[in-house]
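K.L.:
Pasting in a structure now, in structure tokens, and then I'll have a few things to ask.
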Amino acid sequence: MKTIIRAFALLLLLSPLAGAAQEKKKYKVLALTQSKGFRHGPVTRKSPQDLCLSEVTITQIGKDSGLFDTECTQDANTITAEKLKDVDLLLFYTTGGDLLSPATWTAIDEWLKSGKAFVGTHSSTDTMNNHKGYYEMINGTFSGHPWGSGETVTMTNHDPNHVTVKMLGPEFQWKDEIYQYSHYDPKAVRVLYSLNMAKCKTRMPYHVPVCWVREYGSGRLFYTNLGHNESTWTNAKFKDHLLAGIRWALKLEEGSATPNPEVQALENTKSMVAALVASTGKKEDEIAALVDKVAAADPASRARLTDDLQGYRKEEADLQSRFKKEQAELQKKLVKLLSELK
């Protein structure tokens with residue numbers, strides 16, 4: 001009996017040490033910052049031997065936190081199934097339609113599904129645009145950026161207690177280039193923050209997510225569209241945000257990845273209201289009041305409003321189309337009149 005008690009006591013003493021050892025494990029992050037096509041400032045190296053700004057930032061976050069070591073590359077061909085055996089997390093700040101070979105993509109896909117971690121920043125959604133496997137994994141393909149790098153936008157934080165975004169507050173402003181997407185499935189991801197159209201200078205009548213998380217097989221994915229501007233990579237709050245995303249993806253932090261399509265549907269309706277009402281010349285406070293009214297309405301009323309607004313948008317598009325056609329006919333008449341001048 002005494003032997004059992006001593007063994008149990010020893011187990012209690014060793015348990016905290018085991019937990020501490022687990023927490024102190026040094027993880028391996030492989031950061032790919034390759035560009036085929038447009039090259040962003042934060043991924044531009046002054047020379048092949050120098051790290052670019054985003055690489056410097058990621059490496060420093062790992063050192064300061066003591067959490068991970070970073071290997072930086074601008075050659076996707078170095079990513080192989082063998083190499084990934086020693087990697088815990090892949091981080092992409094990439095651009096290019098054919099960046100990954102079929103073998104590289106297969107290796108990444110299987111590795112991530114096995115329980116590993118992926119973090120995507122900014123133009124990682126402007127990568128492998130015609131590759132279904134990749135864009136279904138990251139859940140979006142770049143389809144323009146009406147919000148340019150010089151515009152300060154307002155974001156709504158939909159899950160302000162989530163570990164990856166709690167440092168940002170329920171609403172915040174950021175100066176950066178923001179994408180809109182094709183190949184985006186609202187049922188696949190949990191959106192953490194998105195554009196608040198009522199408070200943005202550039203307004204579009206649809207929901208624009210900016211940051212999301214998801215489970216992918218047994219692995220985890222964290223994505224933020226922030227990162228076009230160099231100022232983002234030197235921002236202390238962004239560094240905290242990125243580190244929290246890395247910790248979450250590594251399963252060191254809890255936080256829901258349950259998709260929230262109902263939240264996204266509401267944001268879509270609110271965005272339609274904001275953009276369409278703004279086109280009538282209403283002031284910002286009037287737009288905000290109407291958007292708040294929509295948010296407070298019962299679901300059935302919102303559903304009817306969404307259908308009505310979609311019908312309104314179709315009528316508006318048809319009217320603009322007819323106007324353009326009539327305008328083109330007038331221009332032809334003008335050309336004919338001018339050609340008949342003697």
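To be explicit about the labels: the chains of the structure tokens are called A, B, and onward in the order shown, and within each one the residues are counted from 1, while ligands get numbers from 1 in the order they are shown.
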Compile the contact shell of range 43-57 of chain A as a ChimeraX atom specification: residues with an atom at most 9 Å away, counting only C-alpha atoms, same-chain residues fewer than 3 positions apart removed.
P.N.:
/A:31-35,39-40,60-62,70-74,93-94,227,230,233-234,239
K.L.:
Just asking: which residues within range 157-217 of chain A are helix (DSSP H, G or I) according to DSSP, as a PyMOL selection string?
P.N.:
chain A and resi 166-168+197-199
K.L.:
For the atom pair CA of Lys237 in chain A and CA of Ser218 in chain A, what is the interatomic distance in Å to one decimal place?
P.N.:
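Separating CA of Lys237 in chain A from CA of Ser218 in chain A is a distance of 29.0 Å.
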K.L.:
Hey, which of A:Lys336, A:Leu168, A:Glu110, A:Lys175 ends up closest to Ala236 in chain A? Count only C-alpha atoms.
P.N.:
A:Leu168
K.L.:
Select from range 54-294 of chain A everything DSSP, run on the backbone, classes as strand (DSSP E), then give the selection as a ChimeraX atom specification.
P.N.:
/A:68-73,89-92,117-121,141-142,152-157,171-175,181-182,190-195,209-216,219-224
K.L.:
Quick one: of A:Lys166, A:Lys270, A:His241, A:Lys293, who's nearest to Met197 in chain A, counting only C-alpha atoms?
P.N.:
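With only C-alpha atoms as the atom set, the closest residue is A:Lys270.
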K.L.:
Provide the CA of Glu329 in chain A to CA of Arg313 in chain A distance in Å, to one decimal place.
P.N.:
24.4 Å
K.L.:
Which residue, A:Val263, A:Ala328, A:Ser279, A:Val208, has the smallest gap to Pro299 in chain A when you use only C-alpha atoms?
P.N.:
A:Val263
